[in-house]
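File shown: protein_11.pdb. Contents: PDB, C-alpha atoms.
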ATOM      1  CA  MET A 221     -69.993 -13.231 -84.619
ATOM      2  CA  ALA A 222     -68.190 -10.250 -86.125
ATOM      3  CA  VAL A 223     -64.501  -9.642 -86.627
ATOM      4  CA  PRO A 224     -63.668  -5.920 -86.393
ATOM      5  CA  ALA A 225     -61.360  -4.292 -88.881
ATOM      6  CA  PRO A 226     -57.738  -3.952 -87.722
ATOM      7  CA  VAL A 227     -56.258  -0.634 -86.684
ATOM      8  CA  PRO A 228     -53.587   1.026 -88.860
ATOM      9  CA  ALA A 229     -50.303  -0.821 -89.254
ATOM     10  CA  ALA A 230     -48.352   1.699 -87.192
ATOM     11  CA  ARG A 231     -50.051   0.509 -84.008
ATOM     12  CA  ALA A 232     -51.462  -2.820 -85.095
ATOM     13  CA  GLN A 233     -51.002  -5.954 -83.033
ATOM     14  CA  CYS A 234     -52.386  -8.641 -85.307
ATOM     15  CA  PRO A 235     -52.352 -12.079 -83.661
ATOM     16  CA  GLY A 236     -50.202 -14.506 -85.588
ATOM     17  CA  LEU A 237     -48.039 -11.787 -87.140
ATOM     18  CA  ARG A 238     -44.663 -10.488 -86.049
ATOM     19  CA  PHE A 239     -43.046  -7.239 -87.141
ATOM     20  CA  VAL A 240     -39.259  -6.983 -87.367
ATOM     21  CA  ASP A 241     -37.870  -3.448 -87.158
ATOM     22  CA  SER A 242     -35.002  -3.083 -89.607
ATOM     23  CA  ASP A 243     -34.057  -0.969 -92.566
ATOM     24  CA  GLN A 244     -36.989  -2.462 -94.397
ATOM     25  CA  GLU A 245     -40.110  -3.433 -92.510
ATOM     26  CA  GLU A 246     -40.586  -7.188 -92.750
ATOM     27  CA  LYS A 247     -43.765  -9.038 -91.864
ATOM     28  CA  GLN A 248     -43.518 -12.673 -90.806
ATOM     29  CA  TYR A 249     -45.815 -15.334 -89.443
ATOM     30  CA  VAL A 250     -44.787 -16.851 -86.144
ATOM     31  CA  ASN A 251     -45.350 -20.378 -84.861
ATOM     32  CA  ARG A 252     -48.029 -20.684 -82.202
ATOM     33  CA  PHE A 253     -49.359 -23.538 -80.098
ATOM     34  CA  TRP A 254     -52.915 -24.582 -80.794
ATOM     35  CA  ARG A 255     -54.020 -23.380 -77.370
ATOM     36  CA  GLU A 256     -52.768 -19.873 -78.190
ATOM     37  CA  ILE A 257     -54.984 -19.446 -81.242
ATOM     38  CA  ARG A 258     -57.925 -17.079 -80.801
ATOM     39  CA  VAL A 259     -60.885 -16.047 -82.926
ATOM     40  CA  GLY A 260     -59.765 -13.405 -85.417
ATOM     41  CA  ASP A 261     -56.207 -14.699 -85.807
ATOM     42  CA  PHE A 262     -54.774 -15.014 -89.300
ATOM     43  CA  VAL A 263     -53.263 -18.451 -89.860
ATOM     44  CA  ARG A 264     -51.073 -19.683 -92.701
ATOM     45  CA  LEU A 265     -50.811 -23.419 -93.297
ATOM     46  CA  ARG A 266     -48.525 -25.443 -95.511
ATOM     47  CA  CYS A 267     -49.163 -28.702 -97.319
ATOM     48  CA  ASN A 268     -49.607 -31.779 -95.059
ATOM     49  CA  GLU A 269     -50.200 -29.621 -91.968
ATOM     50  CA  ILE A 270     -53.167 -30.253 -89.668
ATOM     51  CA  ILE A 271     -55.687 -27.441 -89.323
ATOM     52  CA  PRO A 272     -55.664 -26.170 -85.692
ATOM     53  CA  ALA A 273     -59.079 -24.430 -85.691
ATOM     54  CA  ASP A 274     -62.117 -23.764 -87.860
ATOM     55  CA  ILE A 275     -60.670 -21.340 -90.395
ATOM     56  CA  LEU A 276     -62.353 -19.292 -93.109
ATOM     57  CA  LEU A 277     -60.320 -19.679 -96.300
ATOM     58  CA  LEU A 278     -59.164 -16.278 -97.603
ATOM     59  CA  SER A 279     -56.184 -17.129 -99.799
ATOM     60  CA  SER A 280     -54.709 -20.156-101.534
ATOM     61  CA  SER A 281     -51.617 -20.800-103.600
ATOM     62  CA  ASP A 282     -53.827 -22.562-106.136
ATOM     63  CA  PRO A 283     -54.533 -20.245-109.114
ATOM     64  CA  ASP A 284     -58.218 -21.218-109.029
ATOM     65  CA  GLY A 285     -58.531 -20.417-105.327
ATOM     66  CA  LEU A 286     -58.998 -24.052-104.337
ATOM     67  CA  CYS A 287     -57.710 -25.993-101.369
ATOM     68  CA  HIS A 288     -57.794 -29.761-100.937
ATOM     69  CA  ILE A 289     -58.204 -31.218 -97.468
ATOM     70  CA  GLU A 290     -58.333 -34.716 -96.033
ATOM     71  CA  THR A 291     -61.112 -35.298 -93.495
ATOM     72  CA  ALA A 292     -60.093 -38.774 -92.320
ATOM     73  CA  ASN A 293     -59.825 -37.589 -88.699
ATOM     74  CA  LEU A 294     -63.466 -36.446 -88.762
ATOM     75  CA  ASP A 295     -65.436 -38.900 -90.894
ATOM     76  CA  GLY A 296     -62.885 -41.604 -91.768
ATOM     77  CA  GLU A 297     -62.958 -40.804 -95.499
ATOM     78  CA  THR A 298     -59.565 -40.661 -97.202
ATOM     79  CA  ASN A 299     -60.745 -39.059-100.437
ATOM     80  CA  LEU A 300     -59.806 -35.395-100.731
ATOM     81  CA  LYS A 301     -62.419 -32.657-100.539
ATOM     82  CA  ARG A 302     -62.209 -29.259-102.183
ATOM     83  CA  ARG A 303     -62.608 -25.947-100.414
ATOM     84  CA  GLN A 304     -63.026 -22.588-102.141
ATOM     85  CA  VAL A 305     -61.647 -19.172-101.250
ATOM     86  CA  VAL A 306     -64.306 -16.688-100.132
ATOM     87  CA  ARG A 307     -65.826 -14.708-102.980
ATOM     88  CA  GLY A 308     -64.083 -11.371-103.270
ATOM     89  CA  PHE A 309     -60.653 -12.707-102.296
ATOM     90  CA  SER A 310     -60.194 -15.269-105.052
ATOM     91  CA  GLU A 311     -59.788 -12.443-107.599
ATOM     92  CA  LEU A 312     -56.723 -11.033-105.844
ATOM     93  CA  VAL A 313     -53.715 -10.991-108.150
ATOM     94  CA  SER A 314     -51.211 -10.212-105.384
ATOM     95  CA  GLU A 315     -50.459 -12.079-102.185
ATOM     96  CA  PHE A 316     -53.042 -11.703 -99.439
ATOM     97  CA  ASP A 317     -52.011  -9.143 -96.813
ATOM     98  CA  PRO A 318     -53.772  -9.476 -93.429
ATOM     99  CA  LEU A 319     -53.080  -5.811 -92.644
ATOM    100  CA  THR A 320     -55.359  -4.749 -95.488
ATOM    101  CA  PHE A 321     -58.239  -6.910 -94.274
ATOM    102  CA  THR A 322     -61.139  -4.547 -93.506
ATOM    103  CA  SER A 323     -64.107  -6.846 -94.085
ATOM    104  CA  VAL A 324     -66.653  -7.788 -91.427
ATOM    105  CA  ILE A 325     -67.636 -11.426 -90.947
ATOM    106  CA  GLU A 326     -70.972 -12.526 -89.522
ATOM    107  CA  CYS A 327     -71.672 -16.215 -88.959
ATOM    108  CA  GLU A 328     -73.866 -18.562 -86.968
ATOM    109  CA  ARG A 329     -73.202 -19.585 -83.400
ATOM    110  CA  PRO A 330     -70.916 -22.598 -82.795
ATOM    111  CA  ASN A 331     -72.650 -25.920 -83.456
ATOM    112  CA  ASN A 332     -71.695 -29.545 -84.080
ATOM    113  CA  ASP A 333     -73.094 -29.843 -87.614
ATOM    114  CA  LEU A 334     -70.123 -30.724 -89.822
ATOM    115  CA  SER A 335     -72.114 -30.443 -93.045
ATOM    116  CA  ARG A 336     -73.485 -26.926 -92.554
ATOM    117  CA  PHE A 337     -72.023 -23.451 -92.177
ATOM    118  CA  ARG A 338     -73.876 -20.204 -92.788
ATOM    119  CA  GLY A 339     -72.670 -16.639 -92.688
ATOM    120  CA  CYS A 340     -71.824 -13.586 -94.735
ATOM    121  CA  ILE A 341     -68.887 -11.265 -95.217
ATOM    122  CA  THR A 342     -69.209  -7.542 -95.904
ATOM    123  CA  HIS A 343     -66.353  -5.986 -97.860
ATOM    124  CA  ASP A 344     -65.172  -2.402 -97.491
ATOM    125  CA  ASN A 345     -67.018  -1.442-100.697
ATOM    126  CA  GLY A 346     -70.333  -2.502 -99.155
ATOM    127  CA  LYS A 347     -70.743  -5.712-101.140
ATOM    128  CA  LYS A 348     -71.779  -8.854 -99.304
ATOM    129  CA  ALA A 349     -70.879 -12.453-100.073
ATOM    130  CA  GLY A 350     -72.351 -15.603 -98.616
ATOM    131  CA  LEU A 351     -70.290 -18.063 -96.610
ATOM    132  CA  HIS A 352     -70.851 -21.804 -96.881
ATOM    133  CA  LYS A 353     -69.197 -25.011 -95.765
ATOM    134  CA  GLU A 354     -67.062 -24.960 -98.934
ATOM    135  CA  ASN A 355     -65.261 -21.912 -97.494
ATOM    136  CA  LEU A 356     -64.525 -23.437 -94.071
ATOM    137  CA  LEU A 357     -61.476 -25.504 -93.106
ATOM    138  CA  LEU A 358     -62.433 -27.675 -90.140
ATOM    139  CA  ARG A 359     -60.145 -28.430 -87.246
ATOM    140  CA  GLY A 360     -58.466 -31.831 -87.451
ATOM    141  CA  CYS A 361     -58.369 -31.947 -91.255
ATOM    142  CA  THR A 362     -55.092 -32.031 -93.190
ATOM    143  CA  VAL A 363     -54.120 -29.737 -96.057
ATOM    144  CA  ARG A 364     -53.252 -31.749 -99.173
ATOM    145  CA  ASN A 365     -52.018 -30.898-102.678
ATOM    146  CA  THR A 366     -51.918 -27.187-101.828
ATOM    147  CA  GLU A 367     -48.667 -25.364-101.196
ATOM    148  CA  ALA A 368     -50.012 -22.748 -98.775
ATOM    149  CA  VAL A 369     -53.319 -21.326 -97.572
ATOM    150  CA  VAL A 370     -54.221 -18.334 -95.408
ATOM    151  CA  GLY A 371     -57.399 -17.894 -93.426
ATOM    152  CA  ILE A 372     -58.976 -16.236 -90.422
ATOM    153  CA  VAL A 373     -60.065 -18.205 -87.365
ATOM    154  CA  ILE A 374     -63.853 -18.399 -86.975
ATOM    155  CA  TYR A 375     -64.144 -20.962 -84.158
ATOM    156  CA  ALA A 376     -61.318 -21.905 -81.809
ATOM    157  CA  GLY A 377     -60.827 -24.243 -78.874
ATOM    158  CA  HIS A 378     -63.923 -25.997 -77.569
ATOM    159  CA  GLU A 379     -66.159 -24.040 -79.960
ATOM    160  CA  THR A 380     -64.844 -25.873 -83.025
ATOM    161  CA  LYS A 381     -67.152 -28.345 -84.714
ATOM    162  CA  ALA A 382     -64.752 -31.227 -84.120
ATOM    163  CA  LEU A 383     -64.704 -30.772 -80.334
ATOM    164  CA  LEU A 384     -68.444 -30.123 -80.158
ATOM    165  CA  ASN A 385     -68.933 -33.548 -81.753
ATOM    166  CA  ASN A 386     -66.541 -35.179 -79.294
ATOM    167  CA  SER A 387     -69.122 -35.997 -76.631
ATOM    168  CA  GLY A 388     -67.722 -39.421 -75.759
ATOM    169  CA  PRO A 389     -68.943 -42.873 -76.765
ATOM    170  CA  ARG A 390     -72.646 -43.572 -76.598
ATOM    171  CA  TYR A 391     -73.703 -46.354 -74.262
ATOM    172  CA  LYS A 392     -75.237 -49.138 -76.312
ATOM    173  CA  ARG A 393     -78.043 -51.086 -74.687
ATOM    174  CA  SER A 394     -78.801 -54.571 -75.867
ATOM    175  CA  MET A 395     -82.262 -55.717 -76.847
ATOM    176  CA  LEU A 396     -82.600 -57.736 -73.644
ATOM    177  CA  GLU A 397     -81.628 -54.745 -71.508
ATOM    178  CA  ARG A 398     -84.124 -52.490 -73.271
ATOM    179  CA  GLN A 399     -86.857 -55.068 -72.720
ATOM    180  CA  MET A 400     -85.925 -55.358 -69.044
ATOM    181  CA  ASN A 401     -86.081 -51.583 -68.592
ATOM    182  CA  CYS A 402     -89.519 -51.499 -70.180
ATOM    183  CA  ASP A 403     -90.785 -54.306 -67.925
ATOM    184  CA  VAL A 404     -89.407 -52.609 -64.811
ATOM    185  CA  LEU A 405     -91.188 -49.371 -65.740
ATOM    186  CA  TRP A 406     -94.455 -51.284 -66.023
ATOM    187  CA  CYS A 407     -93.795 -52.797 -62.589
ATOM    188  CA  VAL A 408     -93.212 -49.336 -61.114
ATOM    189  CA  LEU A 409     -96.425 -48.071 -62.702
ATOM    190  CA  LEU A 410     -98.345 -51.037 -61.277
ATOM    191  CA  LEU A 411     -96.848 -50.401 -57.834
ATOM    192  CA  VAL A 412     -97.874 -46.732 -57.896
ATOM    193  CA  CYS A 413    -101.418 -47.631 -58.961
ATOM    194  CA  MET A 414    -101.787 -50.194 -56.165
ATOM    195  CA  CYS A 415    -100.430 -47.758 -53.567
ATOM    196  CA  LEU A 416    -102.756 -44.988 -54.767
ATOM    197  CA  PHE A 417    -105.745 -47.333 -54.639
ATOM    198  CA  SER A 418    -104.831 -48.362 -51.098
ATOM    199  CA  ALA A 419    -104.245 -44.754 -49.973
ATOM    200  CA  VAL A 420    -107.543 -43.508 -51.406
ATOM    201  CA  GLY A 421    -109.440 -46.414 -49.877
ATOM    202  CA  HIS A 422    -107.842 -45.868 -46.478
ATOM    203  CA  GLY A 423    -108.594 -42.138 -46.585
ATOM    204  CA  VAL A 424    -112.251 -42.770 -47.446
ATOM    205  CA  TRP A 425    -112.544 -45.352 -44.666
ATOM    206  CA  VAL A 426    -111.051 -42.983 -42.067
ATOM    207  CA  ARG A 427    -113.388 -40.176 -43.123
ATOM    208  CA  ARG A 428    -116.487 -42.361 -42.988
ATOM    209  CA  TYR A 429    -115.665 -44.134 -39.731
ATOM    210  CA  GLN A 430    -113.672 -41.377 -38.064
ATOM    211  CA  GLU A 431    -115.570 -41.773 -34.776
ATOM    212  CA  LYS A 432    -114.425 -45.391 -34.496
ATOM    213  CA  GLU A 433    -110.914 -46.155 -33.346
ATOM    214  CA  ALA A 434    -108.936 -48.427 -35.603
ATOM    215  CA  LEU A 435    -107.099 -51.378 -34.118
ATOM    216  CA  PHE A 436    -103.647 -50.214 -35.237
ATOM    217  CA  GLU A 437    -104.264 -46.480 -35.420
ATOM    218  CA  VAL A 438    -101.230 -44.255 -34.839
ATOM    219  CA  PRO A 439    -102.373 -41.112 -32.981
ATOM    220  CA  GLU A 440    -100.864 -37.671 -33.446
ATOM    221  CA  ALA A 441     -98.581 -35.992 -30.909
ATOM    222  CA  ASP A 442    -101.495 -34.363 -29.074
ATOM    223  CA  GLY A 443    -103.321 -37.687 -28.809
ATOM    224  CA  GLY A 444    -105.937 -36.887 -31.457
ATOM    225  CA  SER A 445    -106.845 -38.954 -34.490
ATOM    226  CA  LEU A 446    -105.225 -38.493 -37.880
ATOM    227  CA  SER A 447    -107.032 -36.547 -40.559
ATOM    228  CA  PRO A 448    -108.163 -38.501 -43.646
ATOM    229  CA  VAL A 449    -105.542 -36.802 -45.859
ATOM    230  CA  THR A 450    -102.689 -37.519 -43.443
ATOM    231  CA  ALA A 451    -103.848 -41.102 -43.005
ATOM    232  CA  ALA A 452    -103.966 -41.549 -46.798
ATOM    233  CA  ILE A 453    -100.389 -40.246 -47.157
ATOM    234  CA  TYR A 454     -99.135 -42.586 -44.438
ATOM    235  CA  SER A 455    -100.963 -45.471 -46.090
ATOM    236  CA  PHE A 456     -99.395 -44.660 -49.479
ATOM    237  CA  LEU A 457     -95.868 -44.684 -48.035
ATOM    238  CA  THR A 458     -96.579 -47.853 -46.083
ATOM    239  CA  MET A 459     -97.842 -49.700 -49.147
ATOM    240  CA  ILE A 460     -94.729 -48.688 -51.110
ATOM    241  CA  ILE A 461     -92.591 -50.377 -48.454
ATOM    242  CA  VAL A 462     -94.834 -53.447 -48.333
ATOM    243  CA  LEU A 463     -95.205 -53.913 -52.114
ATOM    244  CA  GLN A 464     -91.696 -52.894 -53.204
ATOM    245  CA  VAL A 465     -90.932 -56.544 -53.979
ATOM    246  CA  LEU A 466     -92.845 -56.013 -57.236
ATOM    247  CA  ILE A 467     -89.779 -54.217 -58.645
ATOM    248  CA  PRO A 468     -87.236 -56.896 -59.679
ATOM    249  CA  VAL A 469     -84.046 -55.080 -58.680
ATOM    250  CA  SER A 470     -82.174 -58.351 -58.211
ATOM    251  CA  LEU A 471     -82.928 -59.266 -61.828
ATOM    252  CA  TYR A 472     -80.203 -56.898 -63.069
ATOM    253  CA  VAL A 473     -77.645 -58.489 -60.763
ATOM    254  CA  SER A 474     -78.635 -61.976 -61.901
ATOM    255  CA  ILE A 475     -78.360 -61.024 -65.576
ATOM    256  CA  GLU A 476     -74.891 -59.519 -65.058
ATOM    257  CA  ILE A 477     -73.706 -62.696 -63.327
ATOM    258  CA  VAL A 478     -74.996 -64.771 -66.250
ATOM    259  CA  LYS A 479     -73.153 -62.494 -68.710
ATOM    260  CA  VAL A 480     -69.877 -62.861 -66.820
ATOM    261  CA  CYS A 481     -70.217 -66.649 -66.915
ATOM    262  CA  GLN A 482     -70.948 -66.568 -70.655
ATOM    263  CA  VAL A 483     -67.880 -64.417 -71.310
ATOM    264  CA  TYR A 484     -65.745 -66.850 -69.331
ATOM    265  CA  PHE A 485     -66.922 -69.820 -71.405
ATOM    266  CA  ILE A 486     -66.306 -67.865 -74.629
ATOM    267  CA  HIS A 487     -62.727 -67.114 -73.566
ATOM    268  CA  GLN A 488     -62.127 -70.779 -72.758
ATOM    269  CA  ASP A 489     -63.615 -72.087 -76.008
ATOM    270  CA  ALA A 490     -60.944 -74.129 -77.822
ATOM    271  CA  ASP A 491     -62.648 -73.654 -81.207
ATOM    272  CA  LEU A 492     -62.049 -69.903 -80.955
ATOM    273  CA  TYR A 493     -58.308 -70.237 -80.286
ATOM    274  CA  ASP A 494     -55.861 -68.986 -82.957
ATOM    275  CA  GLU A 495     -52.681 -71.053 -83.086
ATOM    276  CA  GLU A 496     -50.821 -68.667 -85.420
ATOM    277  CA  THR A 497     -51.032 -65.709 -83.056
ATOM    278  CA  ASP A 498     -51.346 -67.815 -79.881
ATOM    279  CA  SER A 499     -54.315 -65.754 -78.743
ATOM    280  CA  GLN A 500     -57.832 -66.389 -77.567
ATOM    281  CA  LEU A 501     -61.010 -64.539 -78.308
ATOM    282  CA  GLN A 502     -61.257 -61.260 -76.397
ATOM    283  CA  CYS A 503     -64.727 -60.166 -75.315
ATOM    284  CA  ARG A 504     -64.561 -56.509 -74.260
ATOM    285  CA  ALA A 505     -68.301 -55.917 -73.834
ATOM    286  CA  LEU A 506     -70.763 -57.906 -71.775
ATOM    287  CA  ASN A 507     -73.662 -56.995 -74.050
ATOM    288  CA  ILE A 508     -72.100 -58.758 -77.026
ATOM    289  CA  THR A 509     -72.907 -62.201 -75.647
ATOM    290  CA  GLU A 510     -76.664 -61.672 -75.783
ATOM    291  CA  ASP A 511     -76.560 -59.881 -79.149
ATOM    292  CA  LEU A 512     -74.622 -62.613 -80.952
ATOM    293  CA  GLY A 513     -77.596 -64.941 -81.004
ATOM    294  CA  GLN A 514     -79.890 -62.247 -82.433
ATOM    295  CA  ILE A 515     -77.836 -61.252 -85.499
ATOM    296  CA  ARG A 516     -79.799 -61.506 -88.750
ATOM    297  CA  TYR A 517     -77.674 -59.488 -91.183
ATOM    298  CA  VAL A 518     -73.930 -58.799 -91.390
ATOM    299  CA  PHE A 519     -72.760 -55.656 -93.228
ATOM    300  CA  SER A 520     -69.092 -55.174 -94.063
ATOM    301  CA  ASP A 521     -67.136 -52.543 -95.972
ATOM    302  CA  LYS A 522     -63.954 -52.876 -98.022
ATOM    303  CA  THR A 523     -61.529 -51.704 -95.324
ATOM    304  CA  GLY A 524     -60.555 -55.170 -94.209
ATOM    305  CA  THR A 525     -63.153 -55.799 -91.516
ATOM    306  CA  LEU A 526     -63.711 -59.362 -92.708
ATOM    307  CA  THR A 527     -61.226 -59.604 -95.580
ATOM    308  CA  GLU A 528     -57.972 -59.210 -93.609
ATOM    309  CA  ASN A 529     -57.039 -56.479 -96.135
ATOM    310  CA  LYS A 530     -56.842 -59.113 -98.893
ATOM    311  CA  MET A 531     -59.066 -58.189-101.821
ATOM    312  CA  VAL A 532     -59.150 -61.051-104.375
ATOM    313  CA  PHE A 533     -60.809 -60.626-107.770
ATOM    314  CA  ARG A 534     -63.366 -63.345-108.448
ATOM    315  CA  ARG A 535     -65.457 -62.389-111.467
ATOM    316  CA  CYS A 536     -67.106 -59.495-113.250
ATOM    317  CA  THR A 537     -69.747 -59.119-115.962
ATOM    318  CA  VAL A 538     -69.390 -56.823-118.982
ATOM    319  CA  SER A 539     -72.251 -56.624-121.514
ATOM    320  CA  GLY A 540     -73.601 -59.965-120.377
ATOM    321  CA  MET A 541     -70.208 -61.699-120.646
ATOM    322  CA  GLU A 542     -68.904 -63.045-117.360
ATOM    323  CA  TYR A 543     -65.151 -62.915-116.851
ATOM    324  CA  SER A 544     -64.014 -65.161-114.038
ATOM    325  CA  HIS A 545     -60.747 -65.547-112.205
ATOM    326  CA  ASP A 546     -58.333 -68.180-113.520
ATOM    327  CA  ALA A 547     -59.086 -70.373-110.537
ATOM    328  CA  ASN A 548     -62.788 -70.331-111.453
ATOM    329  CA  GLY A 549     -62.450 -71.669-114.996
ATOM    330  CA  GLU A 550     -62.984 -70.215-118.490
ATOM    331  CA  PRO A 551     -65.247 -67.251-119.263
ATOM    332  CA  ARG A 552     -68.829 -68.185-119.917
ATOM    333  CA  LEU A 553     -72.120 -66.600-120.898
TER     334      LEU A 553
END
Turn this file's structure into structure tokens for me.
Amino acid sequence: MAVPAPVPAARAQCPGLRFVDSDQEEKQYVNRFWREIRVGDFVRLRCNEIIPADILLLSSSDPDGLCHIETANLDGETNLKRRQVVRGFSELVSEFDPLTFTSVIECERPNNDLSRFRGCITHDNGKKAGLHKENLLLRGCTVRNTEAVVGIVIYAGHETKALLNNSGPRYKRSMLERQMNCDVLWCVLLLVCMCLFSAVGHGVWVRRYQEKEALFEVPEADGGSLSPVTAAIYSFLTMIIVLQVLIPVSLYVSIEIVKVCQVYFIHQDADLYDEETDSQLQCRALNITEDLGQIRYVFSDKTGTLTENKMVFRRCTVSGMEYSHDANGEPRL
């Protein structure tokens, strides 16, 4: 993807910029909706503003050319991450002017990999600089601890990495359901083998004893006998209808009925009732009932999943000396 150099300022129409005709020409950024942003637009963001598109960082108010962003909307991490101005623009001593931008940007096609970005930028003096993920501000992130940043839009709309990763929730199959699917596939394979065996046998029999009339032979429209190939095809379809009971289609319905009954009993369980909040256990997935009895390990983080956001210090060990909480007694070796 390449961004062409802008035309001279006298007839330039740079997206995101507005020119005010007065005694002194004044250049200003204008507010735009996210849906109005296009690839090649220059965007200026302030601190605590959400990034509207995947933007290549060209200027930062930080003297070291750094920009801190929060990626909690993408990966759930609240720690700040640093982004660096593209090489060749971080050495600018004056404020970045989009009208003087004459470089050409080449980058990879849009993809959903949040941890990778490859490209290069060619400056007007012929020098090239590599582009990496440290130079890219992803859509959905928030600018932190940086007064202002300016960049050019690389991916916009549905081509941004955030939207390419938004493919909807993945359907989770339980262990029992996966085992049932595997067993049903084996049943289908067995049915096909039995039908093929019957069709081949019937075709061979018709070819060998074609002069004899079968008891239940179905003649053709002209009154003649069926050819061995046609008879084999009819036999294959007939055996599928006869032996279709091998596929346990009703098993899925029976399992779903059992799950609904289990969920009902879980909701009515008095031991799972919370008197403080006057609420019962809510089961929002039918598969959870069959997975509960198969849990071997429980992993939890420090975000309050099992701690109710109450982190209590118990003990720690420093150089072999154990320091316990007051409720646990005196320190000991």
Self-check item: Polymer residues at most 9 Å from stretch 288-304 of chain A, all atoms listed in the file, same-chain spacing of 2 or more positions, as a list in words
Solution: Asn268, Leu277, Leu278, Ser280, Asp284, Gly285, Leu286, Val306, Arg307, Ser310, Leu334, Lys353, Glu354, Asn355, Leu356, Leu357, Leu358, Arg359, Gly360, Cys361, Thr362, Val363, Arg364, Asn365, Thr366 and Ala382 of chain A
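Comparing A:Val449, A:Ile270, A:Cys327, A:Val412 by their smallest distance to A:Val426, the closest is A:Val449 (using only C-alpha atoms).
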Quick one: residues within 12 Å of A:Ala349, all atoms listed in the file counted, chain neighbours fewer than 3 positions away excluded, as an mmCIF file with C-alpha atoms, in the frame of the given file?
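Output (selection-v7.cif):
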data_model
loop_
_atom_site.group_PDB
_atom_site.id
_atom_site.type_symbol
_atom_site.label_atom_id
_atom_site.label_comp_id
_atom_site.auth_asym_id
_atom_site.auth_seq_id
_atom_site.Cartn_x
_atom_site.Cartn_y
_atom_site.Cartn_z
ATOM 1 C CA VAL A 305 -61.647 -19.172 -101.250
ATOM 2 C CA VAL A 306 -64.306 -16.688 -100.132
ATOM 3 C CA ARG A 307 -65.826 -14.708 -102.980
ATOM 4 C CA GLY A 308 -64.083 -11.371 -103.270
ATOM 5 C CA PHE A 309 -60.653 -12.707 -102.296
ATOM 6 C CA SER A 323 -64.107 -6.846 -94.085
ATOM 7 C CA VAL A 324 -66.653 -7.788 -91.427
ATOM 8 C CA ILE A 325 -67.636 -11.426 -90.947
ATOM 9 C CA GLU A 326 -70.972 -12.526 -89.522
ATOM 10 C CA CYS A 327 -71.672 -16.215 -88.959
ATOM 11 C CA ARG A 338 -73.876 -20.204 -92.788
ATOM 12 C CA GLY A 339 -72.670 -16.639 -92.688
ATOM 13 C CA CYS A 340 -71.824 -13.586 -94.735
ATOM 14 C CA ILE A 341 -68.887 -11.265 -95.217
ATOM 15 C CA THR A 342 -69.209 -7.542 -95.904
ATOM 16 C CA HIS A 343 -66.353 -5.986 -97.860
ATOM 17 C CA ASP A 344 -65.172 -2.402 -97.491
ATOM 18 C CA ASN A 345 -67.018 -1.442 -100.697
ATOM 19 C CA GLY A 346 -70.333 -2.502 -99.155
ATOM 20 C CA HIS A 352 -70.851 -21.804 -96.881
ATOM 21 C CA ASN A 355 -65.261 -21.912 -97.494
#
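Here the question is which of A:Arg516, A:His422, A:Arg390, A:Lys348 gets nearest to A:Tyr454 using only C-alpha atoms, and that residue is A:His422.
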Residue list as a compact mmCIF listing (two decimals) with C-alpha atoms, keeping the file's coordinate frame for point (-49.6, -20.9, -79.3), cut-off 12 Å, all atoms listed in the file:
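Once written, part06.txt looks like this:
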# COMPACT_ATOMS: atom_id res chain seq x y z
CA PRO A 235 -52.35 -12.08 -83.66
CA GLY A 236 -50.20 -14.51 -85.59
CA VAL A 250 -44.79 -16.85 -86.14
CA ASN A 251 -45.35 -20.38 -84.86
CA ARG A 252 -48.03 -20.68 -82.20
CA PHE A 253 -49.36 -23.54 -80.10
CA TRP A 254 -52.92 -24.58 -80.79
CA ARG A 255 -54.02 -23.38 -77.37
CA GLU A 256 -52.77 -19.87 -78.19
CA ILE A 257 -54.98 -19.45 -81.24
CA ARG A 258 -57.92 -17.08 -80.80
CA ASP A 261 -56.21 -14.70 -85.81
CA VAL A 263 -53.26 -18.45 -89.86
CA PRO A 272 -55.66 -26.17 -85.69
CA ALA A 273 -59.08 -24.43 -85.69
CA GLY A 377 -60.83 -24.24 -78.87
Exercise. Could you give me, as a PyMOL selection string, the residues within 10 Å of A:Cys407, counting all atoms listed in the file and dropping anything in the same chain fewer than 2 positions from it?
Key: chain A and resi 401-405+409-413+464-468
